[in-house]
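final_12.pdb (PDB, C-alpha atoms, pLDDT in the B column)
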```pdb
ATOM      1  CA  MET A 165       0.000   0.000   0.000  1.00 51.00           C
ATOM      2  CA  ALA A 166       1.087   3.520  -0.676  1.00 55.00           C
ATOM      3  CA  SER A 167       2.297   5.371   2.402  1.00 53.00           C
ATOM      4  CA  ASN A 168       0.031   7.907   4.012  1.00 56.00           C
ATOM      5  CA  PRO A 169       1.088  11.352   2.724  1.00 54.00           C
ATOM      6  CA  LEU A 170       0.159  12.850   6.105  1.00 53.00           C
ATOM      7  CA  THR A 171       2.620  10.651   7.973  1.00 47.00           C
ATOM      8  CA  PRO A 172       5.443  12.805   9.325  1.00 44.00           C
ATOM      9  CA  ARG A 173       8.722  12.149   7.626  1.00 44.00           C
ATOM     10  CA  ARG A 174      11.522  10.703   9.674  1.00 38.00           C
ATOM     11  CA  SER A 175      14.048  13.279  10.640  1.00 35.00           C
ATOM     12  CA  ILE A 176      17.358  12.800   8.871  1.00 31.00           C
ATOM     13  CA  LYS A 177      20.422  13.195  11.046  1.00 36.00           C
ATOM     14  CA  GLN A 178      22.622  15.918   9.631  1.00 35.00           C
ATOM     15  CA  ARG A 179      26.081  14.817   8.648  1.00 37.00           C
ATOM     16  CA  HIS A 180      27.673  17.974   9.966  1.00 47.00           C
ATOM     17  CA  PRO A 181      26.626  19.086  13.463  1.00 47.00           C
ATOM     18  CA  LYS A 182      25.621  22.662  14.070  1.00 78.00           C
ATOM     19  CA  LEU A 183      28.573  25.016  14.309  1.00 83.00           C
ATOM     20  CA  PRO A 184      28.795  28.316  16.170  1.00 91.00           C
ATOM     21  CA  PRO A 185      28.206  31.566  14.249  1.00 91.00           C
ATOM     22  CA  ASP A 186      31.075  33.105  12.321  1.00 89.00           C
ATOM     23  CA  ASN A 187      33.557  34.875  14.600  1.00 93.00           C
ATOM     24  CA  ALA A 188      31.638  33.628  17.641  1.00 95.00           C
ATOM     25  CA  ARG A 189      34.811  33.126  19.627  1.00 96.00           C
ATOM     26  CA  ALA A 190      36.065  36.678  19.165  1.00 96.00           C
ATOM     27  CA  ILE A 191      32.626  38.194  19.714  1.00 97.00           C
ATOM     28  CA  LEU A 192      31.948  36.212  22.888  1.00 97.00           C
ATOM     29  CA  THR A 193      35.436  36.885  24.229  1.00 97.00           C
ATOM     30  CA  SER A 194      34.871  40.618  23.816  1.00 97.00           C
ATOM     31  CA  ALA A 195      31.525  40.374  25.605  1.00 97.00           C
ATOM     32  CA  ALA A 196      32.774  38.170  28.464  1.00 97.00           C
ATOM     33  CA  ALA A 197      32.813  39.947  31.811  1.00 95.00           C
ATOM     34  CA  THR A 198      35.519  37.945  33.591  1.00 97.00           C
ATOM     35  CA  ALA A 199      38.886  36.359  32.911  1.00 98.00           C
ATOM     36  CA  ARG A 200      37.367  33.017  33.890  1.00 98.00           C
ATOM     37  CA  ASP A 201      34.728  33.311  31.186  1.00 98.00           C
ATOM     38  CA  ARG A 202      37.323  34.295  28.589  1.00 98.00           C
ATOM     39  CA  MET A 203      39.371  31.288  29.598  1.00 98.00           C
ATOM     40  CA  VAL A 204      36.388  28.961  29.210  1.00 98.00           C
ATOM     41  CA  ILE A 205      35.698  30.267  25.709  1.00 98.00           C
ATOM     42  CA  SER A 206      39.353  29.846  24.738  1.00 97.00           C
ATOM     43  CA  TRP A 207      39.605  26.322  26.137  1.00 97.00           C
ATOM     44  CA  LEU A 208      36.414  25.152  24.483  1.00 96.00           C
ATOM     45  CA  ALA A 209      37.483  26.600  21.121  1.00 95.00           C
ATOM     46  CA  ASP A 210      41.134  25.494  21.106  1.00 94.00           C
ATOM     47  CA  GLY A 211      40.852  22.304  23.141  1.00 92.00           C
ATOM     48  CA  GLY A 212      37.612  20.787  21.912  1.00 90.00           C
ATOM     49  CA  PHE A 213      36.552  20.043  25.489  1.00 93.00           C
ATOM     50  CA  ARG A 214      33.186  18.731  26.506  1.00 92.00           C
ATOM     51  CA  LEU A 215      31.762  21.019  29.157  1.00 96.00           C
ATOM     52  CA  GLY A 216      31.803  18.257  31.769  1.00 95.00           C
ATOM     53  CA  GLU A 217      35.491  17.636  31.041  1.00 95.00           C
ATOM     54  CA  LEU A 218      36.373  21.301  31.426  1.00 97.00           C
ATOM     55  CA  CYS A 219      34.368  21.888  34.597  1.00 97.00           C
ATOM     56  CA  GLY A 220      35.776  18.670  36.065  1.00 97.00           C
ATOM     57  CA  LEU A 221      39.440  19.677  35.750  1.00 98.00           C
ATOM     58  CA  HIS A 222      41.600  19.967  38.848  1.00 98.00           C
ATOM     59  CA  LEU A 223      44.678  22.157  38.999  1.00 97.00           C
ATOM     60  CA  MET A 224      46.855  19.067  39.345  1.00 97.00           C
ATOM     61  CA  ASP A 225      45.546  17.819  35.978  1.00 97.00           C
ATOM     62  CA  LEU A 226      47.204  20.732  34.180  1.00 98.00           C
ATOM     63  CA  HIS A 227      50.746  20.124  32.905  1.00 97.00           C
ATOM     64  CA  LEU A 228      51.379  23.473  31.276  1.00 96.00           C
ATOM     65  CA  ARG A 229      55.152  23.212  31.031  1.00 94.00           C
ATOM     66  CA  GLU A 230      57.007  21.214  28.415  1.00 93.00           C
ATOM     67  CA  ASN A 231      58.437  17.836  29.424  1.00 93.00           C
ATOM     68  CA  ALA A 232      56.124  17.459  32.392  1.00 94.00           C
ATOM     69  CA  ALA A 233      56.848  14.947  35.140  1.00 93.00           C
ATOM     70  CA  CYS A 234      54.221  12.503  33.863  1.00 95.00           C
ATOM     71  CA  GLY A 235      56.470  11.719  30.878  1.00 94.00           C
ATOM     72  CA  GLN A 236      53.481  11.033  28.622  1.00 93.00           C
ATOM     73  CA  CYS A 237      53.610  14.098  26.383  1.00 92.00           C
ATOM     74  CA  ARG A 238      56.498  16.477  25.783  1.00 93.00           C
ATOM     75  CA  SER A 239      54.179  19.331  24.846  1.00 94.00           C
ATOM     76  CA  ARG A 240      51.994  21.294  27.244  1.00 95.00           C
ATOM     77  CA  HIS A 241      48.859  19.331  27.994  1.00 95.00           C
ATOM     78  CA  VAL A 242      46.142  18.412  30.480  1.00 96.00           C
ATOM     79  CA  HIS A 243      44.935  15.064  31.789  1.00 96.00           C
ATOM     80  CA  ILE A 244      41.172  14.559  31.655  1.00 95.00           C
ATOM     81  CA  CYS A 245      40.334  12.245  34.545  1.00 96.00           C
ATOM     82  CA  HIS A 246      36.927  10.808  35.335  1.00 96.00           C
ATOM     83  CA  ARG A 247      36.019  11.513  38.953  1.00 96.00           C
ATOM     84  CA  ASP A 248      32.718  10.628  40.587  1.00 95.00           C
ATOM     85  CA  THR A 249      33.502  12.739  43.636  1.00 95.00           C
ATOM     86  CA  ASN A 250      33.700  16.204  42.084  1.00 96.00           C
ATOM     87  CA  PRO A 251      31.629  18.517  44.331  1.00 95.00           C
ATOM     88  CA  ASN A 252      30.143  20.326  41.317  1.00 96.00           C
ATOM     89  CA  GLY A 253      28.912  17.075  39.736  1.00 95.00           C
ATOM     90  CA  ALA A 254      31.082  17.518  36.622  1.00 96.00           C
ATOM     91  CA  ARG A 255      32.378  14.294  35.123  1.00 93.00           C
ATOM     92  CA  ALA A 256      34.444  13.344  32.120  1.00 93.00           C
ATOM     93  CA  LYS A 257      32.480  11.189  29.712  1.00 88.00           C
ATOM     94  CA  THR A 258      35.268   8.673  29.171  1.00 84.00           C
ATOM     95  CA  LYS A 259      36.697   6.604  32.022  1.00 90.00           C
ATOM     96  CA  HIS A 260      40.338   6.182  31.127  1.00 90.00           C
ATOM     97  CA  SER A 261      42.361   4.852  34.035  1.00 95.00           C
ATOM     98  CA  TRP A 262      44.569   7.343  35.847  1.00 96.00           C
ATOM     99  CA  ARG A 263      46.647   7.585  38.987  1.00 96.00           C
ATOM    100  CA  ILE A 264      48.929   9.915  40.915  1.00 96.00           C
ATOM    101  CA  GLU A 265      52.640   9.190  40.913  1.00 95.00           C
ATOM    102  CA  SER A 266      55.013  11.351  42.970  1.00 91.00           C
ATOM    103  CA  GLY A 267      52.397  14.077  43.099  1.00 90.00           C
ATOM    104  CA  SER A 268      51.824  14.085  39.335  1.00 94.00           C
ATOM    105  CA  VAL A 269      48.756  12.866  37.469  1.00 97.00           C
ATOM    106  CA  VAL A 270      49.455  10.025  35.050  1.00 97.00           C
ATOM    107  CA  GLY A 271      46.942   8.551  32.620  1.00 95.00           C
ATOM    108  CA  GLY A 272      43.461   9.758  31.847  1.00 93.00           C
ATOM    109  CA  LEU A 273      42.809  11.327  28.456  1.00 91.00           C
ATOM    110  CA  ILE A 274      45.610  13.638  27.337  1.00 92.00           C
ATOM    111  CA  ARG A 275      44.625  16.854  25.586  1.00 91.00           C
ATOM    112  CA  ARG A 276      47.149  19.298  24.125  1.00 93.00           C
ATOM    113  CA  VAL A 277      46.815  23.013  24.952  1.00 95.00           C
ATOM    114  CA  SER A 278      47.423  26.107  22.841  1.00 95.00           C
ATOM    115  CA  PRO A 279      49.364  29.280  23.740  1.00 96.00           C
ATOM    116  CA  SER A 280      46.040  31.129  23.951  1.00 97.00           C
ATOM    117  CA  MET A 281      44.736  28.592  26.453  1.00 97.00           C
ATOM    118  CA  ILE A 282      47.830  29.083  28.625  1.00 97.00           C
ATOM    119  CA  HIS A 283      47.560  32.868  28.382  1.00 98.00           C
ATOM    120  CA  THR A 284      43.914  32.949  29.469  1.00 98.00           C
ATOM    121  CA  TYR A 285      44.668  30.446  32.251  1.00 98.00           C
ATOM    122  CA  PHE A 286      47.354  32.669  33.775  1.00 98.00           C
ATOM    123  CA  GLU A 287      45.156  35.750  33.423  1.00 98.00           C
ATOM    124  CA  TYR A 288      42.402  33.971  35.355  1.00 98.00           C
ATOM    125  CA  MET A 289      44.685  32.495  38.007  1.00 98.00           C
ATOM    126  CA  THR A 290      46.561  35.733  38.709  1.00 97.00           C
ATOM    127  CA  THR A 291      43.574  38.080  38.748  1.00 97.00           C
ATOM    128  CA  GLU A 292      40.495  36.163  39.904  1.00 97.00           C
ATOM    129  CA  TYR A 293      41.258  32.776  41.448  1.00 97.00           C
ATOM    130  CA  PRO A 294      40.546  33.075  45.179  1.00 95.00           C
ATOM    131  CA  VAL A 295      43.208  32.464  47.803  1.00 93.00           C
ATOM    132  CA  GLY A 296      42.703  29.518  50.128  1.00 91.00           C
ATOM    133  CA  VAL A 297      40.652  27.270  47.838  1.00 94.00           C
ATOM    134  CA  GLU A 298      41.062  23.727  49.164  1.00 93.00           C
ATOM    135  CA  HIS A 299      39.056  21.607  46.724  1.00 95.00           C
ATOM    136  CA  GLY A 300      41.680  22.066  44.017  1.00 95.00           C
ATOM    137  CA  MET A 301      39.287  22.462  41.091  1.00 98.00           C
ATOM    138  CA  LEU A 302      40.135  24.788  38.222  1.00 98.00           C
ATOM    139  CA  LEU A 303      36.871  26.635  37.646  1.00 98.00           C
ATOM    140  CA  VAL A 304      35.252  28.377  40.600  1.00 98.00           C
ATOM    141  CA  GLN A 305      32.432  30.785  41.259  1.00 97.00           C
ATOM    142  CA  LEU A 306      33.438  34.423  41.547  1.00 96.00           C
ATOM    143  CA  THR A 307      30.401  35.986  43.235  1.00 90.00           C
ATOM    144  CA  SER A 308      30.706  37.104  46.836  1.00 82.00           C
ATOM    145  CA  ALA A 309      28.197  34.681  48.363  1.00 89.00           C
ATOM    146  CA  ALA A 310      29.583  31.547  46.722  1.00 92.00           C
ATOM    147  CA  ARG A 311      33.085  32.770  45.931  1.00 95.00           C
ATOM    148  CA  GLY A 312      35.570  29.914  45.627  1.00 96.00           C
ATOM    149  CA  ARG A 313      33.052  27.108  45.284  1.00 97.00           C
ATOM    150  CA  PRO A 314      33.410  24.780  42.268  1.00 97.00           C
ATOM    151  CA  TRP A 315      31.719  26.100  39.125  1.00 97.00           C
ATOM    152  CA  SER A 316      29.150  23.676  37.695  1.00 96.00           C
ATOM    153  CA  PRO A 317      28.393  22.864  34.041  1.00 97.00           C
ATOM    154  CA  ALA A 318      24.917  24.359  34.555  1.00 96.00           C
ATOM    155  CA  ALA A 319      26.498  27.642  35.640  1.00 96.00           C
ATOM    156  CA  ALA A 320      28.783  27.552  32.605  1.00 97.00           C
ATOM    157  CA  ARG A 321      25.799  27.116  30.287  1.00 96.00           C
ATOM    158  CA  ALA A 322      24.064  30.030  32.000  1.00 96.00           C
ATOM    159  CA  MET A 323      27.163  32.135  31.406  1.00 96.00           C
ATOM    160  CA  PHE A 324      27.070  31.279  27.706  1.00 96.00           C
ATOM    161  CA  ARG A 325      23.417  32.277  27.485  1.00 96.00           C
ATOM    162  CA  SER A 326      24.134  35.578  29.185  1.00 96.00           C
ATOM    163  CA  VAL A 327      27.226  36.413  27.130  1.00 96.00           C
ATOM    164  CA  SER A 328      25.558  35.349  23.865  1.00 95.00           C
ATOM    165  CA  ASP A 329      22.582  37.585  24.630  1.00 95.00           C
ATOM    166  CA  ARG A 330      24.847  40.477  25.545  1.00 94.00           C
ATOM    167  CA  ALA A 331      26.851  39.989  22.347  1.00 95.00           C
ATOM    168  CA  GLY A 332      23.688  39.881  20.236  1.00 94.00           C
ATOM    169  CA  ILE A 333      24.647  36.809  18.188  1.00 92.00           C
ATOM    170  CA  GLY A 334      21.872  34.472  19.251  1.00 91.00           C
ATOM    171  CA  LYS A 335      22.154  31.433  21.483  1.00 90.00           C
ATOM    172  CA  VAL A 336      25.568  29.796  21.282  1.00 92.00           C
ATOM    173  CA  ARG A 337      25.888  26.384  22.873  1.00 93.00           C
ATOM    174  CA  PRO A 338      29.229  25.483  24.471  1.00 95.00           C
ATOM    175  CA  HIS A 339      29.251  22.132  22.660  1.00 91.00           C
ATOM    176  CA  SER A 340      29.166  23.850  19.270  1.00 92.00           C
ATOM    177  CA  PHE A 341      32.816  24.788  19.775  1.00 92.00           C
ATOM    178  CA  ARG A 342      33.679  21.106  20.015  1.00 87.00           C
ATOM    179  CA  HIS A 343      32.026  20.552  16.633  1.00 82.00           C
ATOM    180  CA  GLN A 344      33.935  23.515  15.201  1.00 87.00           C
ATOM    181  CA  PHE A 345      37.177  22.150  16.658  1.00 85.00           C
ATOM    182  CA  ALA A 346      36.653  18.817  14.920  1.00 81.00           C
ATOM    183  CA  THR A 347      35.874  20.543  11.618  1.00 79.00           C
ATOM    184  CA  ASN A 348      38.978  22.726  11.900  1.00 81.00           C
ATOM    185  CA  ILE A 349      41.245  19.782  12.722  1.00 79.00           C
ATOM    186  CA  LEU A 350      39.910  17.751   9.804  1.00 74.00           C
ATOM    187  CA  ASN A 351      40.500  20.671   7.440  1.00 74.00           C
ATOM    188  CA  ALA A 352      43.980  21.344   8.805  1.00 77.00           C
ATOM    189  CA  SER A 353      45.029  17.682   8.666  1.00 75.00           C
ATOM    190  CA  ARG A 354      43.632  17.154   5.146  1.00 73.00           C
ATOM    191  CA  GLY A 355      40.830  14.950   6.346  1.00 68.00           C
ATOM    192  CA  ASN A 356      42.815  12.727   8.697  1.00 70.00           C
ATOM    193  CA  ALA A 357      40.018  11.434  10.933  1.00 70.00           C
ATOM    194  CA  LEU A 358      42.450   9.711  13.255  1.00 68.00           C
ATOM    195  CA  ILE A 359      44.166  12.976  14.169  1.00 71.00           C
ATOM    196  CA  ALA A 360      40.779  14.615  14.685  1.00 70.00           C
ATOM    197  CA  ARG A 361      39.691  11.729  16.899  1.00 69.00           C
ATOM    198  CA  ASP A 362      42.781  11.846  19.071  1.00 69.00           C
ATOM    199  CA  ALA A 363      43.039  15.638  19.193  1.00 73.00           C
ATOM    200  CA  GLY A 364      39.512  15.900  20.573  1.00 74.00           C
ATOM    201  CA  GLY A 365      39.395  12.652  22.509  1.00 71.00           C
ATOM    202  CA  TRP A 366      36.618  10.997  20.525  1.00 62.00           C
ATOM    203  CA  SER A 367      36.335   7.304  21.348  1.00 62.00           C
ATOM    204  CA  SER A 368      33.394   6.296  19.130  1.00 50.00           C
ATOM    205  CA  ALA A 369      35.101   6.546  15.726  1.00 51.00           C
ATOM    206  CA  THR A 370      34.960   2.776  15.353  1.00 42.00           C
ATOM    207  CA  THR A 371      35.501   2.719  11.623  1.00 35.00           C
ATOM    208  CA  VAL A 372      38.516   5.010  11.863  1.00 34.00           C
ATOM    209  CA  GLU A 373      40.021   2.919  14.646  1.00 36.00           C
ATOM    210  CA  GLU A 374      39.655  -0.282  12.609  1.00 38.00           C
ATOM    211  CA  ILE A 375      41.282   1.152   9.480  1.00 31.00           C
ATOM    212  CA  TYR A 376      44.043   3.270  10.991  1.00 34.00           C
ATOM    213  CA  GLY A 377      46.479   2.890  13.856  1.00 38.00           C
ATOM    214  CA  HIS A 378      46.916   5.188  16.817  1.00 48.00           C
ATOM    215  CA  THR A 379      48.731   8.506  16.499  1.00 56.00           C
ATOM    216  CA  GLU A 380      51.041   9.752  19.210  1.00 61.00           C
ATOM    217  CA  VAL A 381      50.338  13.168  20.760  1.00 66.00           C
ATOM    218  CA  ASP A 382      53.898  14.213  19.813  1.00 70.00           C
ATOM    219  CA  ASP A 383      53.504  13.190  16.155  1.00 68.00           C
ATOM    220  CA  PRO A 384      54.745  16.050  13.873  1.00 75.00           C
ATOM    221  CA  LEU A 385      51.575  16.019  11.756  1.00 74.00           C
ATOM    222  CA  PHE A 386      49.533  16.137  14.955  1.00 79.00           C
ATOM    223  CA  SER A 387      51.442  19.272  16.001  1.00 83.00           C
ATOM    224  CA  VAL A 388      51.098  20.925  12.586  1.00 82.00           C
ATOM    225  CA  ALA A 389      47.329  20.375  12.573  1.00 81.00           C
ATOM    226  CA  LEU A 390      46.858  21.792  16.068  1.00 86.00           C
ATOM    227  CA  GLU A 391      49.136  24.765  15.480  1.00 87.00           C
ATOM    228  CA  THR A 392      47.310  25.572  12.233  1.00 86.00           C
ATOM    229  CA  VAL A 393      44.003  25.636  14.099  1.00 86.00           C
ATOM    230  CA  TRP A 394      45.550  27.704  16.888  1.00 89.00           C
ATOM    231  CA  GLY A 395      47.077  30.142  14.424  1.00 89.00           C
ATOM    232  CA  THR A 396      50.604  29.702  15.825  1.00 83.00           C
ATOM    233  CA  THR A 397      52.324  28.300  12.720  1.00 69.00           C
TER     234      THR A 397
END
```

Let's see the structure in the file written out as structure tokens.
Amino acid sequence: MASNPLTPRRSIKQRHPKLPPDNARAILTSAAATARDRMVISWLADGGFRLGELCGLHLMDLHLRENAACGQCRSRHVHICHRDTNPNGARAKTKHSWRIESGSVVGGLIRRVSPSMIHTYFEYMTTEYPVGVEHGMLLVQLTSAARGRPWSPAAARAMFRSVSDRAGIGKVRPHSFRHQFATNILNASRGNALIARDAGGWSSATTVEEIYGHTEVDDPLFSVALETVWGTT
């Protein structure tokens, strides 16, 4: 029998996820009210973080000097570690094993960082990060009543809504920067899906994993692709 013409058509999943508006990063950065918010925008854009990963970072996860003690990556990087005990409820999606050796985090999911990410980190830490914070988390609330408490993913989304509205560019979702990061890496690496997968920490690229091997985070092509996206070549 012929199908009913009134039957709603099945939605077709778009091949390319929704990306942020043109120049969204620069526009939002200009509209951001705090160094913390500017750092979040920079880290989402240059690092391809999921919001839960970013809000779940601890200061000890950040290895922002070359040849860090962990010995797992010569370049500046962070370790994304799944923790169920974060007081703000933020959790990394992937559960890579990790541990602490001689006071240094080893394992987890390694993510390279750009010069811009380091710059915004130091601006935030030297101008806004409260003294005496004991929980050790990277992102904290800055208001007087809750100053120093861990900053939740829900609060980060609220910040994006507020900054997007103030900037007048429509609603910009934090996750759209992760999609843009993947697109940029693919373009910069001439379509190398493996580099895009490893640069952004995607673990569901089953087809790519079956066809290609694993790239090292210090691979020269890996570095060229990231530096092209970061604009530091």

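When you apply the PyMOL selection byres ((chain A and resi 333-335) around 9) to this structure, what comes back is Pro185, Ala188, Ile191, Leu192, Phe324, Arg325, Ser326, Ser328, Asp329, Arg330, Ala331, Gly332, Val336 and Arg337 of chain A.
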
Mind listing as a tab-separated table (two decimals) with C-alpha atoms, in the coordinates of the input all residues within 6 Å of (44.1, 10.6, 34.7), counting only C-alpha atoms?
```tsv
chain	number	residue	atom	x	y	z
A	243	HIS	CA	44.94	15.06	31.79
A	244	ILE	CA	41.17	14.56	31.66
A	245	CYS	CA	40.33	12.24	34.54
A	262	TRP	CA	44.57	7.34	35.85
A	263	ARG	CA	46.65	7.58	38.99
A	269	VAL	CA	48.76	12.87	37.47
A	270	VAL	CA	49.46	10.02	35.05
A	271	GLY	CA	46.94	8.55	32.62
A	272	GLY	CA	43.46	9.76	31.85
```

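Near A:Thr198, within 9 Å and counting only C-alpha atoms, sit A:Tyr288, A:Glu292, A:Leu306, not including residues fewer than 6 positions from it in the same chain.
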
Which residue of A:Ala360, A:Leu302, A:Met289, A:Ala309 approaches A:His343 most closely, using all atoms listed in the file: A:Ala360

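Remark: residues at most 10 Å from position (26.5, 19.6, 41.4) in file coordinates are Asn250, Pro251, Asn252, Gly253, Ala254, Pro314, Trp315, Ser316, Pro317, Ala318 and Ala319 of chain A, using all atoms listed in the file.
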
Residues in the PyMOL selection byres ((chain A and resi 275) around 10), expressed as number ranges by chain: A: 211-213, 226, 237, 239-244, 272-274, 276-277, 362-365, 381

Minimum-distance residue to A:Pro279, chosen among A:Asp210, A:Arg202, A:His260, A:Arg354 (using only C-alpha atoms): A:Asp210

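Compared by their closest atoms to A:Phe341, and using only C-alpha atoms, the residues A:Ala199, A:Ala190, A:Ala320, A:Ile205 rank with A:Ile205 nearest.
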
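Reported to one decimal place, the separation of atom CA of A:Gly216 from atom CA of A:His246 is 9.7 Å.
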
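Distances to A:Ala209 were evaluated for A:Arg238, A:His283, A:His222, A:Arg189 using only C-alpha atoms, and the minimum falls at A:Arg189.
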
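In this model, the gap between atom CA of A:His339 and atom CA of A:Leu215 comes to 7.1 Å.
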
Atom pair atom CA of A:Ser261 / atom CA of A:Asp248: separation (Å): 13.0 Å

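Compared by their closest atoms to A:Pro184, and using all atoms listed in the file, the residues A:Arg311, A:Leu208, A:Ser280, A:Leu385 rank with A:Leu208 nearest.
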
Put a box with edges along x, y and z around all the listed atoms of stretch 186-193 of chain A, pad it by 8 Å on each side, then give me its centre and sizes in Å, one decimal, as lines of an AutoDock Vina configuration file.
```
center_x = 33.6
center_y = 35.6
center_z = 18.3
size_x = 21.0
size_y = 21.1
size_z = 27.9
```

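Counting all atoms listed in the file, the residue from A:Ile264, A:Val295, A:Val327, A:Ala233 that sits nearest to A:Gly312 is A:Val295.
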